[in-house]
Amino acid sequence: MTVSPSPGAPAVVSPIETDALIIGAGPVGLFQVFELGLQDIRAHVVDSLPHVGGQCAELYADKPIYDIPGVPVCTGRELVERLRQQIAPFGANFHLGQEVRSLERAADGRFDVATSTGTRFVARTVFVAGGVGSFQPKALRLPGIERFAGRQLFYRVADAAAFAGQHLVVAGGGDSALDWAIHFASTDQARPARVTLLHRRDEFRALPATLRRLAELREAGAVEVVIGQPTGFETDGERLARLVLMRPDGSSTTLALDTLLVFHGLSPKLGPIAEWGLELDHKLVTVNPATFETSTPGVFAVGDICHYPGKRKLILCGFHEATLAAFAAVPYVDPERRALLQYTTSSPQLHRLLGVETPSQD
Ligand SMILES: Cc1cc2nc3c(=O)[nH]c(=O)nc-3n(C[C@H](O)[C@H](O)[C@H](O)COP(=O)(O)OP(=O)(O)OC[C@H]3O[C@@H](n4cnc5c(N)ncnc54)[C@H](O)[C@@H]3O)c2cc1C
């Protein structure tokens with residue numbers, strides 16, 4: 001799997017030409033790579049998250065799933081890992097940490113697609129696998145504090161070195177907050193002068209190894225943990241100087257800071273998908289259930305984002321949708337080719353695409 005570029009990296013200027021562009025790297029977007037691969041169509045994949053897996057990775061990575069055919073039980077994380085292995089033969093290019101902002105028909109009939117970091121694609125076919133939408137960081141709900149965004153208030157780390165020598169407050173109680181607090185308290189390079197982890201209660205939700213590391217750093221005084229809920233803020237001129245906190249006992253206190261890094265989770269937003277001229281039904285993209293094509297020929301929608309009579313938002317339904325969409329995409333990529341049904345068990349052509357040996361007939 002090729003991943004490029006990371007969040008905050010310089011924009012790619014010249015457009016990337018591709019037969020297929022998949023918007024969304026949730027389970028269905030990942031399986032779309034596989035089904036397109038079986039049709040000998042290579043894909044680029046974009047996701048606004050910095051990692052693949054969509055809801056499975058973001059919302060229930062450690063919870064069990066029991067209704068994937070042939071897999072009696074696996075966690076969200078395990079399913080994503082298995083999908084990654086399954087699609088590996090098709091060498092898709094992943095562009096993570098960037099949201100697809102625009103999709104327009106180009107003069108030659110292909111699609112011009114642009115992302116939030118400036119990556120541009122020219123695609124013959126587009127597969128919208130946007131799920132419940134693009135995941136965005138939940139904002140800190142303190143009226144007026146957003147004016148410090150990008151200066152002293154951040155929801156993701158674009159440049160870790162920018163916090164060197166500062167009093168950094170990391171707000172949140174989950175994996176992201178703990179991972180970054182641990183990173184900044186342990187790094188040898190461009191370390192903040194002081195790292196404070198701010199959470200509403202003295203309980204954290206993270207992997208056991210992460211919790212152990214936090215306890216060590218807390219014990220060593222490298223991370224200070226402050227328990228409280230932000231209720232306001234104070235400024236020194238144009239600078240954000242202090243957060244006003246309510247302690248668990250209801251009393252009030254303040255916390256001085258230079259920089260505030262907030263990890264209060266992510267919430268999905270349909271976002272730009274609604275602006276692409278696709279026919280919608282209650283914020284879902286209407287498709288033909290025989291082909292999963294949208295109202296725009298050459299643009300398909302699969303997974304939770306699509307709507308048709310009887311649609312169920314289940315992973316296995318998304319896998320079916322991705323399969324039929326891949327068949328329907330073939331004439332757009334190669335008008336001379338007919339998409340024939342072949343079995344992975346017995347087709348030498350599919351074996352070649354999968355990079356496996358065809359068993360001998362003896
Ligand atoms: C707690 C929970 C438990 C669940 N358990 C099960 C279960 O047991 N079995 C089951 O079948 N289903 C289950 N589901 C439902 C299942 O997770 C969804 O059906 C599935 O994730 C849909 O996959 P998807 O790929 O369509 O979308 P998603 O998983 O939502 O992925 C969509 C991706 O698209 C990205 N995206 C959206 N818009 C853009 C854009 N403009 N630019 C770039 N990226 C974009 C998003 O960031 C996201 O990563 C569960 C859901 C939840 C919340």
# chains A, B, ... in the order shown; residues from 1 in each chain; ligands from 1

call {"tool": "residues_around", "arguments": {"residues": "A:Leu153", "least_positions_apart": "6", "cutoff": "8 Å", "atoms": "only C-alpha atoms", "output": "number ranges by chain"}}
result
A: 146, 259-262

call {"tool": "residues_around", "arguments": {"residues": "stretch 168-183 of chain A", "least_positions_apart": "5", "cutoff": "9 Å", "atoms": "only C-alpha atoms", "output": "PDB file with C-alpha atoms, in the first residue's frame"}}
result
ATOM      1  CA  VAL A 157      -0.461  18.278  14.711  1.00  0.00           C
ATOM      2  CA  PHE A 163       5.529  23.601  20.027  1.00  0.00           C
ATOM      3  CA  PRO A 192       7.812  21.604  24.705  1.00  0.00           C
ATOM      4  CA  ALA A 193       8.984  23.148  28.005  1.00  0.00           C
ATOM      5  CA  ARG A 194       5.997  21.645  29.828  1.00  0.00           C
ATOM      6  CA  VAL A 195       3.292  19.132  28.873  1.00  0.00           C
ATOM      7  CA  THR A 196      -0.081  19.095  30.614  1.00  0.00           C
ATOM      8  CA  LEU A 197      -2.815  16.575  29.864  1.00  0.00           C
ATOM      9  CA  LEU A 198      -6.246  18.025  30.548  1.00  0.00           C
ATOM     10  CA  HIS A 199      -9.260  15.727  30.943  1.00  0.00           C
ATOM     11  CA  ARG A 200     -12.608  15.972  32.673  1.00  0.00           C
ATOM     12  CA  ARG A 201     -11.956  12.918  34.858  1.00  0.00           C
ATOM     13  CA  ASP A 202      -8.938  10.934  36.017  1.00  0.00           C
ATOM     14  CA  GLU A 203      -9.787   7.985  33.771  1.00  0.00           C
ATOM     15  CA  PHE A 204      -8.440   7.493  30.290  1.00  0.00           C
ATOM     16  CA  ARG A 205      -9.571   5.328  27.377  1.00  0.00           C
ATOM     17  CA  ALA A 206      -6.544   3.973  25.537  1.00  0.00           C
ATOM     18  CA  LEU A 207      -4.534   0.839  24.821  1.00  0.00           C
ATOM     19  CA  THR A 210      -0.383   3.638  26.359  1.00  0.00           C
ATOM     20  CA  LEU A 211      -1.922   3.835  29.839  1.00  0.00           C
ATOM     21  CA  ARG A 213       3.490   4.745  29.554  1.00  0.00           C
ATOM     22  CA  LEU A 214       1.358   7.681  30.687  1.00  0.00           C
ATOM     23  CA  LEU A 217       5.664   9.796  32.587  1.00  0.00           C
ATOM     24  CA  ALA A 222       7.219  14.651  32.537  1.00  0.00           C
ATOM     25  CA  VAL A 223       3.435  14.937  32.083  1.00  0.00           C
ATOM     26  CA  LEU A 255      -4.691  26.783  33.706  1.00  0.00           C
ATOM     27  CA  ALA A 256      -2.024  28.939  32.032  1.00  0.00           C
ATOM     28  CA  LEU A 257      -0.833  27.807  28.595  1.00  0.00           C
ATOM     29  CA  ASP A 258       0.978  28.756  25.418  1.00  0.00           C
ATOM     30  CA  THR A 259      -0.657  26.227  23.110  1.00  0.00           C
ATOM     31  CA  LEU A 260      -3.796  24.125  23.312  1.00  0.00           C
ATOM     32  CA  LEU A 261      -4.077  20.878  21.384  1.00  0.00           C
ATOM     33  CA  VAL A 262      -7.611  19.460  21.492  1.00  0.00           C
ATOM     34  CA  PHE A 263      -8.540  15.812  20.840  1.00  0.00           C
ATOM     35  CA  HIS A 264     -12.210  15.563  21.731  1.00  0.00           C
ATOM     36  CA  GLY A 265     -12.959  12.966  19.070  1.00  0.00           C
TER      37      GLY A 265
END

call {"tool": "select_by_dssp", "arguments": {"residues": "stretch 283-343 of chain A", "states": "helix (DSSP H, G or I)", "output": "CSV table (one decimal) with all heavy atoms, in the first residue's frame"}}
result
chain,number,residue,atom,x,y,z
A,303,GLY,N,-21.6,1.7,-0.2
A,303,GLY,CA,-21.5,1.8,1.3
A,303,GLY,C,-22.5,2.7,1.9
A,303,GLY,O,-23.6,3.0,1.3
A,304,ASP,N,-22.3,3.1,3.1
A,304,ASP,CA,-23.3,3.9,3.9
A,304,ASP,C,-23.8,5.1,3.2
A,304,ASP,O,-24.9,5.6,3.5
A,304,ASP,CB,-22.7,4.3,5.3
A,304,ASP,CG,-22.7,3.1,6.3
A,304,ASP,OD1,-23.0,2.0,5.9
A,304,ASP,OD2,-22.5,3.4,7.5
A,305,ILE,N,-23.0,5.7,2.3
A,305,ILE,CA,-23.4,7.0,1.7
A,305,ILE,C,-24.5,6.8,0.7
A,305,ILE,O,-25.2,7.7,0.3
A,305,ILE,CB,-22.2,7.6,1.0
A,305,ILE,CG1,-22.4,9.1,0.6
A,305,ILE,CG2,-21.7,6.9,-0.2
A,305,ILE,CD1,-22.2,10.0,1.7
A,315,ILE,N,-21.8,-3.6,6.5
A,315,ILE,CA,-20.6,-3.7,5.8
A,315,ILE,C,-20.8,-4.7,4.6
A,315,ILE,O,-20.3,-4.5,3.5
A,315,ILE,CB,-19.4,-4.2,6.7
A,315,ILE,CG1,-19.2,-3.1,7.8
A,315,ILE,CG2,-18.2,-4.5,6.0
A,315,ILE,CD1,-18.3,-3.5,9.0
A,316,LEU,N,-21.4,-5.8,4.9
A,316,LEU,CA,-21.6,-6.8,3.9
A,316,LEU,C,-22.4,-6.3,2.7
A,316,LEU,O,-22.2,-6.7,1.6
A,316,LEU,CB,-22.1,-8.1,4.4
A,316,LEU,CG,-23.6,-8.4,4.5
A,316,LEU,CD1,-24.0,-9.3,3.4
A,316,LEU,CD2,-23.9,-9.1,5.8
A,317,CYS,N,-23.4,-5.4,3.0
A,317,CYS,CA,-24.1,-4.8,1.9
A,317,CYS,C,-23.2,-3.9,1.0
A,317,CYS,O,-23.3,-3.9,-0.2
A,317,CYS,CB,-25.3,-4.0,2.4
A,317,CYS,SG,-26.5,-5.0,3.3
A,318,GLY,N,-22.3,-3.2,1.7
A,318,GLY,CA,-21.4,-2.4,1.0
A,318,GLY,C,-20.4,-3.2,0.1
A,318,GLY,O,-20.1,-2.8,-1.0
A,319,PHE,N,-20.1,-4.4,0.6
A,319,PHE,CA,-19.2,-5.2,-0.2
A,319,PHE,C,-19.9,-5.6,-1.5
A,319,PHE,O,-19.3,-5.7,-2.6
A,319,PHE,CB,-18.8,-6.5,0.6
A,319,PHE,CG,-17.8,-6.2,1.7
A,319,PHE,CD1,-17.5,-7.2,2.6
A,319,PHE,CD2,-17.2,-5.0,1.8
A,319,PHE,CE1,-16.6,-7.0,3.7
A,319,PHE,CE2,-16.3,-4.7,2.9
A,319,PHE,CZ,-16.0,-5.7,3.8
A,320,HIS,N,-21.2,-6.0,-1.4
A,320,HIS,CA,-22.0,-6.3,-2.6
A,320,HIS,C,-22.0,-5.1,-3.6
A,320,HIS,O,-21.8,-5.3,-4.8
A,320,HIS,CB,-23.4,-6.7,-2.2
A,320,HIS,CG,-24.4,-6.6,-3.2
A,320,HIS,ND1,-24.6,-7.6,-4.2
A,320,HIS,CD2,-25.3,-5.7,-3.5
A,320,HIS,CE1,-25.5,-7.2,-5.0
A,320,HIS,NE2,-26.0,-6.1,-4.6
A,321,GLU,N,-22.3,-4.0,-3.0
A,321,GLU,CA,-22.4,-2.8,-3.8
A,321,GLU,C,-21.1,-2.5,-4.6
A,321,GLU,O,-21.1,-2.2,-5.8
A,321,GLU,CB,-22.8,-1.6,-2.9
A,321,GLU,CG,-24.2,-1.7,-2.3
A,321,GLU,CD,-24.4,-1.0,-1.0
A,321,GLU,OE1,-23.5,-0.2,-0.6
A,321,GLU,OE2,-25.4,-1.3,-0.3
A,322,ALA,N,-20.0,-2.6,-3.9
A,322,ALA,CA,-18.7,-2.4,-4.5
A,322,ALA,C,-18.4,-3.4,-5.6
A,322,ALA,O,-17.8,-3.0,-6.7
A,322,ALA,CB,-17.5,-2.5,-3.4
A,323,THR,N,-18.9,-4.6,-5.5
A,323,THR,CA,-18.7,-5.6,-6.5
A,323,THR,C,-19.4,-5.2,-7.8
A,323,THR,O,-18.9,-5.2,-8.9
A,323,THR,CB,-19.2,-7.0,-6.0
A,323,THR,OG1,-18.6,-7.2,-4.7
A,323,THR,CG2,-18.9,-8.1,-7.0
A,324,LEU,N,-20.7,-4.9,-7.7
A,324,LEU,CA,-21.5,-4.6,-8.9
A,324,LEU,C,-21.0,-3.2,-9.5
A,324,LEU,O,-21.0,-3.1,-10.7
A,324,LEU,CB,-23.0,-4.5,-8.5
A,324,LEU,CG,-23.7,-5.8,-8.1
A,324,LEU,CD1,-25.2,-5.7,-8.3
A,324,LEU,CD2,-23.2,-7.0,-8.9
A,325,ALA,N,-20.6,-2.3,-8.6
A,325,ALA,CA,-20.1,-1.0,-9.2
A,325,ALA,C,-18.8,-1.3,-10.0
A,325,ALA,O,-18.6,-0.6,-11.1
A,325,ALA,CB,-19.8,-0.1,-8.0
A,326,ALA,N,-18.0,-2.2,-9.6
A,326,ALA,CA,-16.7,-2.4,-10.3
A,326,ALA,C,-17.1,-3.0,-11.7
A,326,ALA,O,-16.5,-2.6,-12.7
A,326,ALA,CB,-15.8,-3.4,-9.5
A,327,PHE,N,-18.0,-3.9,-11.7
A,327,PHE,CA,-18.4,-4.5,-13.1
A,327,PHE,C,-19.0,-3.4,-14.0
A,327,PHE,O,-18.6,-3.3,-15.1
A,327,PHE,CB,-19.6,-5.5,-12.9
A,327,PHE,CG,-19.0,-6.9,-12.6
A,327,PHE,CD1,-18.8,-7.3,-11.3
A,327,PHE,CD2,-18.8,-7.8,-13.6
A,327,PHE,CE1,-18.3,-8.6,-11.0
A,327,PHE,CE2,-18.3,-9.1,-13.4
A,327,PHE,CZ,-18.1,-9.5,-12.1
A,328,ALA,N,-19.8,-2.5,-13.4
A,328,ALA,CA,-20.4,-1.4,-14.2
A,328,ALA,C,-19.4,-0.4,-14.6
A,328,ALA,O,-19.6,0.4,-15.6
A,328,ALA,CB,-21.5,-0.7,-13.3
A,329,ALA,N,-18.2,-0.3,-13.9
A,329,ALA,CA,-17.2,0.7,-14.3
A,329,ALA,C,-16.4,0.3,-15.5
A,329,ALA,O,-15.8,1.2,-16.2
A,329,ALA,CB,-16.3,1.0,-13.1
A,330,VAL,N,-16.3,-1.0,-15.8
A,330,VAL,CA,-15.4,-1.4,-16.9
A,330,VAL,C,-15.6,-0.7,-18.2
A,330,VAL,O,-14.6,-0.2,-18.8
A,330,VAL,CB,-15.6,-3.0,-17.1
A,330,VAL,CG1,-14.8,-3.4,-18.3
A,330,VAL,CG2,-15.1,-3.7,-15.8
A,331,PRO,N,-16.8,-0.5,-18.7
A,331,PRO,CA,-16.9,0.2,-20.0
A,331,PRO,C,-16.4,1.6,-20.0
A,331,PRO,O,-16.0,2.2,-21.1
A,331,PRO,CB,-18.4,0.2,-20.3
A,331,PRO,CG,-19.0,-0.8,-19.4
A,331,PRO,CD,-18.1,-1.0,-18.2
A,332,TYR,N,-16.4,2.3,-18.8
A,332,TYR,CA,-15.9,3.7,-18.8
A,332,TYR,C,-14.4,3.7,-18.9
A,332,TYR,O,-13.8,4.6,-19.4
A,332,TYR,CB,-16.3,4.3,-17.4
A,332,TYR,CG,-17.8,4.7,-17.3
A,332,TYR,CD1,-18.7,3.9,-16.7
A,332,TYR,CD2,-18.3,5.8,-18.0
A,332,TYR,CE1,-20.0,4.2,-16.6
A,332,TYR,CE2,-19.6,6.1,-17.9
A,332,TYR,CZ,-20.5,5.3,-17.2
A,332,TYR,OH,-21.8,5.6,-17.1
A,333,VAL,N,-13.8,2.6,-18.4
A,333,VAL,CA,-12.3,2.6,-18.5
A,333,VAL,C,-11.9,2.0,-19.8
A,333,VAL,O,-10.9,2.5,-20.4
A,333,VAL,CB,-11.8,1.7,-17.3
A,333,VAL,CG1,-10.3,1.5,-17.4
A,333,VAL,CG2,-12.2,2.3,-16.0

call {"tool": "select_by_dssp", "arguments": {"residues": "stretch 171-292 of chain A", "states": "strand (DSSP E or B)", "output": "ChimeraX atom specification"}}
result
/A:171,194-199,224-227,229-236,239-246,252-256,259-262,266-269,280-281,284-286

call {"tool": "closest_atom_pairs", "arguments": {"of": "chain A", "to": "ligand 1", "cutoff": "7 Å", "atoms": "only C-alpha atoms and all ligand atoms", "output": "tab-separated table"}}
result
residue	atom	partner	partner_atom_place_in_ligand_line	distance
A:Ile23	CA	ligand 1	43 (C)	5.5
A:Gly24	CA	ligand 1	34 (O)	3.2
A:Ala25	CA	ligand 1	33 (C)	5.1
A:Gly26	CA	ligand 1	25 (O)	3.4
A:Pro27	CA	ligand 1	25 (O)	4.3
A:Val28	CA	ligand 1	25 (O)	3.7
A:Gly29	CA	ligand 1	25 (O)	5.0
A:Val46	CA	ligand 1	43 (C)	5.3
A:Asp47	CA	ligand 1	44 (N)	3.4
A:Ser48	CA	ligand 1	44 (N)	4.1
A:Leu49	CA	ligand 1	47 (O)	5.1
A:Val52	CA	ligand 1	49 (O)	6.5
A:Gly53	CA	ligand 1	49 (O)	6.1
A:Gly54	CA	ligand 1	49 (O)	3.3
A:Gln55	CA	ligand 1	29 (O)	3.9
A:Cys56	CA	ligand 1	17 (O)	5.2
A:Leu59	CA	ligand 1	1 (C)	5.8
A:Tyr60	CA	ligand 1	1 (C)	5.4
A:Pro64	CA	ligand 1	8 (O)	7.0
A:Ile65	CA	ligand 1	8 (O)	4.1
A:Tyr66	CA	ligand 1	8 (O)	5.8
A:Asp67	CA	ligand 1	9 (N)	5.6
A:Ile68	CA	ligand 1	11 (O)	6.7
A:Gln98	CA	ligand 1	43 (C)	6.0
A:Glu99	CA	ligand 1	42 (N)	3.5
A:Val100	CA	ligand 1	42 (N)	3.8
A:Arg101	CA	ligand 1	41 (N)	5.9
A:Ala129	CA	ligand 1	26 (O)	5.2
A:Gly130	CA	ligand 1	37 (C)	3.5
A:Gly131	CA	ligand 1	27 (O)	3.1
A:Val132	CA	ligand 1	30 (O)	4.8
A:Gly133	CA	ligand 1	37 (C)	3.9
A:Ser134	CA	ligand 1	37 (C)	3.4
A:Phe135	CA	ligand 1	47 (O)	4.5
A:Leu270	CA	ligand 1	38 (N)	6.3
A:Gly271	CA	ligand 1	41 (N)	6.5
A:Pro272	CA	ligand 1	41 (N)	5.7
A:Ile273	CA	ligand 1	41 (N)	5.7
A:Val302	CA	ligand 1	26 (O)	6.3
A:Gly303	CA	ligand 1	26 (O)	3.3
A:Asp304	CA	ligand 1	26 (O)	4.1
A:Ile305	CA	ligand 1	26 (O)	6.0
A:Lys313	CA	ligand 1	19 (O)	4.5
A:Leu314	CA	ligand 1	11 (O)	3.6
A:Ile315	CA	ligand 1	11 (O)	3.8
A:Leu316	CA	ligand 1	11 (O)	5.7
A:Gly318	CA	ligand 1	26 (O)	6.2

call {"tool": "write_last_selection", "arguments": {"atoms": "C-alpha atoms", "output": "short mmCIF file (atom, residue, chain, number, x, y, z; two decimals), in the first residue's frame"}}
result
data_model
loop_
_atom_site.label_atom_id
_atom_site.label_comp_id
_atom_site.auth_asym_id
_atom_site.auth_seq_id
_atom_site.Cartn_x
_atom_site.Cartn_y
_atom_site.Cartn_z
CA ILE A 23 -13.34 8.78 -2.06
CA GLY A 24 -13.28 7.20 1.39
CA ALA A 25 -11.04 4.47 2.81
CA GLY A 26 -13.61 2.84 5.09
CA PRO A 27 -14.23 -0.91 4.77
CA VAL A 28 -16.27 -0.42 1.61
CA GLY A 29 -13.76 1.93 -0.05
CA VAL A 46 -8.44 9.60 -0.65
CA ASP A 47 -9.58 9.89 2.96
CA SER A 48 -9.80 12.88 5.29
CA LEU A 49 -8.60 10.70 8.18
CA VAL A 52 -7.66 3.82 6.62
CA GLY A 53 -10.67 1.98 8.06
CA GLY A 54 -13.43 4.60 8.36
CA GLN A 55 -15.95 3.91 11.14
CA CYS A 56 -14.37 0.49 11.95
CA LEU A 59 -15.50 4.36 16.20
CA TYR A 60 -15.09 0.70 17.24
CA PRO A 64 -16.19 -7.32 17.95
CA ILE A 65 -18.05 -7.66 14.64
CA TYR A 66 -19.99 -10.92 14.19
CA ASP A 67 -21.66 -10.55 10.79
CA ILE A 68 -18.85 -10.61 8.23
CA GLN A 98 -7.03 15.21 2.99
CA GLU A 99 -10.66 15.81 2.19
CA VAL A 100 -11.99 15.72 -1.36
CA ARG A 101 -13.45 19.19 -1.83
CA ALA A 129 -17.49 5.60 -0.49
CA GLY A 130 -17.86 8.47 1.96
CA GLY A 131 -19.86 6.58 4.61
CA VAL A 132 -21.53 8.95 7.01
CA GLY A 133 -19.27 11.71 5.72
CA SER A 134 -15.83 13.03 6.28
CA PHE A 135 -14.62 12.82 9.88
CA LEU A 270 -21.40 14.99 4.77
CA GLY A 271 -19.50 18.14 3.81
CA PRO A 272 -18.50 18.75 0.21
CA ILE A 273 -20.19 15.59 -1.19
CA VAL A 302 -21.24 2.55 -2.41
CA GLY A 303 -21.48 1.79 1.30
CA ASP A 304 -23.29 3.87 3.92
CA ILE A 305 -23.39 6.96 1.69
CA LYS A 313 -26.09 0.27 6.35
CA LEU A 314 -24.08 -2.90 6.86
CA ILE A 315 -20.56 -3.73 5.79
CA LEU A 316 -21.57 -6.83 3.86
CA GLY A 318 -21.36 -2.37 1.02
#

call {"tool": "closest_residue", "arguments": {"among": "A:Pro137, A:Gly298, A:Pro72, A:Pro268", "to": "A:Leu103", "atoms": "only C-alpha atoms"}}
result
A:Gly298

call {"tool": "residues_around", "arguments": {"residues": "A:Pro230", "least_positions_apart": "6", "cutoff": "8 Å", "atoms": "only C-alpha atoms", "output": "number ranges by chain"}}
result
A: 142, 243-246

call {"tool": "closest_residue", "arguments": {"among": "A:Gln229, A:Thr294, A:Asn288, A:Thr75", "to": "A:Phe127", "atoms": "only C-alpha atoms"}}
result
A:Thr294

call {"tool": "residues_around", "arguments": {"residues": "A:Arg42", "least_positions_apart": "6", "cutoff": "12 Å", "atoms": "only C-alpha atoms", "output": "tab-separated table (two decimals) with N, CA, C and O atoms, in the first residue's frame"}}
result
chain	number	residue	atom	x	y	z
A	17	GLU	N	-3.37	11.28	-13.02
A	17	GLU	CA	-4.36	10.65	-13.91
A	17	GLU	C	-4.61	9.23	-13.42
A	17	GLU	O	-3.67	8.50	-13.12
A	18	THR	N	-5.88	8.86	-13.34
A	18	THR	CA	-6.21	7.52	-12.85
A	18	THR	C	-7.49	7.01	-13.50
A	18	THR	O	-8.35	7.81	-13.89
A	19	ASP	N	-7.58	5.68	-13.62
A	19	ASP	CA	-8.82	5.10	-14.14
A	19	ASP	C	-9.93	5.18	-13.10
A	19	ASP	O	-11.09	5.28	-13.44
A	20	ALA	N	-9.54	5.08	-11.83
A	20	ALA	CA	-10.56	5.07	-10.77
A	20	ALA	C	-10.07	5.85	-9.56
A	20	ALA	O	-8.94	5.66	-9.12
A	21	LEU	N	-10.95	6.69	-9.02
A	21	LEU	CA	-10.65	7.40	-7.78
A	21	LEU	C	-11.71	7.02	-6.76
A	21	LEU	O	-12.91	7.14	-7.03
A	22	ILE	N	-11.25	6.54	-5.60
A	22	ILE	CA	-12.18	6.15	-4.55
A	22	ILE	C	-12.13	7.21	-3.45
A	22	ILE	O	-11.05	7.52	-2.94
A	32	GLN	N	-13.62	-1.81	-2.40
A	32	GLN	CA	-13.76	-1.32	-3.79
A	32	GLN	C	-12.43	-1.46	-4.53
A	32	GLN	O	-12.41	-1.79	-5.71
A	33	VAL	N	-11.33	-1.21	-3.83
A	33	VAL	CA	-10.00	-1.41	-4.44
A	33	VAL	C	-9.88	-2.85	-4.95
A	33	VAL	O	-9.42	-3.11	-6.06
A	34	PHE	N	-10.33	-3.79	-4.11
A	34	PHE	CA	-10.21	-5.22	-4.46
A	34	PHE	C	-11.06	-5.55	-5.69
A	34	PHE	O	-10.57	-6.15	-6.65
A	35	GLU	N	-12.32	-5.14	-5.66
A	35	GLU	CA	-13.21	-5.49	-6.77
A	35	GLU	C	-12.77	-4.81	-8.08
A	35	GLU	O	-12.87	-5.40	-9.14
A	36	LEU	N	-12.28	-3.58	-7.99
A	36	LEU	CA	-11.75	-2.93	-9.20
A	36	LEU	C	-10.50	-3.67	-9.67
A	36	LEU	O	-10.30	-3.86	-10.86
A	87	ILE	N	-6.24	-6.39	-0.27
A	87	ILE	CA	-6.11	-5.48	-1.43
A	87	ILE	C	-4.66	-5.24	-1.81
A	87	ILE	O	-4.39	-4.62	-2.83
A	88	ALA	N	-3.73	-5.75	-1.00
A	88	ALA	CA	-2.30	-5.48	-1.25
A	88	ALA	C	-1.86	-5.78	-2.69
A	88	ALA	O	-1.09	-5.02	-3.27
A	89	PRO	N	-2.35	-6.88	-3.32
A	89	PRO	CA	-1.88	-7.18	-4.68
A	89	PRO	C	-2.17	-6.07	-5.68
A	89	PRO	O	-1.54	-6.01	-6.74
A	90	PHE	N	-3.12	-5.20	-5.37
A	90	PHE	CA	-3.53	-4.22	-6.37
A	90	PHE	C	-2.85	-2.86	-6.22
A	90	PHE	O	-3.15	-1.93	-6.97
A	91	GLY	N	-1.96	-2.75	-5.24
A	91	GLY	CA	-1.08	-1.58	-5.13
A	91	GLY	C	-1.76	-0.23	-5.25
A	91	GLY	O	-1.27	0.65	-5.95
A	92	ALA	N	-2.89	-0.07	-4.57
A	92	ALA	CA	-3.58	1.23	-4.65
A	92	ALA	C	-2.72	2.32	-3.99
A	92	ALA	O	-1.96	2.04	-3.07
A	93	ASN	N	-2.86	3.54	-4.48
A	93	ASN	CA	-2.17	4.68	-3.87
A	93	ASN	C	-3.13	5.38	-2.92
A	93	ASN	O	-4.25	5.74	-3.32
A	94	PHE	N	-2.68	5.57	-1.69
A	94	PHE	CA	-3.54	6.21	-0.68
A	94	PHE	C	-3.08	7.64	-0.43
A	94	PHE	O	-1.89	7.90	-0.28
A	123	ALA	N	-9.83	11.70	-13.27
A	123	ALA	CA	-10.25	10.29	-13.12
A	123	ALA	C	-11.32	9.93	-14.15
A	123	ALA	O	-12.21	10.73	-14.43
A	124	ARG	N	-11.20	8.70	-14.69
A	124	ARG	CA	-12.24	8.23	-15.62
A	124	ARG	C	-13.51	7.86	-14.87
A	124	ARG	O	-14.61	8.04	-15.37
A	125	THR	N	-13.34	7.27	-13.68
A	125	THR	CA	-14.49	6.91	-12.86
A	125	THR	C	-14.23	7.34	-11.42
A	125	THR	O	-13.07	7.39	-10.99
A	126	VAL	N	-15.31	7.64	-10.72
A	126	VAL	CA	-15.18	8.04	-9.31
A	126	VAL	C	-16.13	7.18	-8.48
A	126	VAL	O	-17.28	6.94	-8.89
A	326	ALA	N	-17.96	-2.18	-9.56
A	326	ALA	CA	-16.73	-2.45	-10.32
A	326	ALA	C	-17.06	-3.02	-11.70
A	326	ALA	O	-16.46	-2.62	-12.71
A	329	ALA	N	-18.23	-0.30	-13.95
A	329	ALA	CA	-17.23	0.73	-14.29
A	329	ALA	C	-16.40	0.34	-15.52
A	329	ALA	O	-15.81	1.21	-16.17
A	330	VAL	N	-16.35	-0.95	-15.84
A	330	VAL	CA	-15.43	-1.43	-16.88
A	330	VAL	C	-15.60	-0.66	-18.21
A	330	VAL	O	-14.60	-0.19	-18.78
A	333	VAL	N	-13.78	2.63	-18.42
A	333	VAL	CA	-12.32	2.56	-18.46
A	333	VAL	C	-11.85	2.03	-19.80
A	333	VAL	O	-10.87	2.49	-20.37
A	353	LEU	N	-3.81	-11.40	-11.84
A	353	LEU	CA	-4.05	-10.10	-11.20
A	353	LEU	C	-3.78	-10.16	-9.70
A	353	LEU	O	-3.27	-9.20	-9.11

call {"tool": "closest_residue", "arguments": {"among": "A:Val80, A:Gln86, A:His351, A:Val122", "to": "A:Gly109", "atoms": "only C-alpha atoms"}}
result
A:Val122

call {"tool": "closest_residue", "arguments": {"among": "A:Pro50, A:Ala185, A:Ser360, A:Pro309", "to": "A:Pro348", "atoms": "only C-alpha atoms"}}
result
A:Ser360

call {"tool": "atom_distance", "arguments": {"atom1": "atom CA of A:Ser251", "atom2": "atom CA of A:Glu234"}}
result
17.0 Å
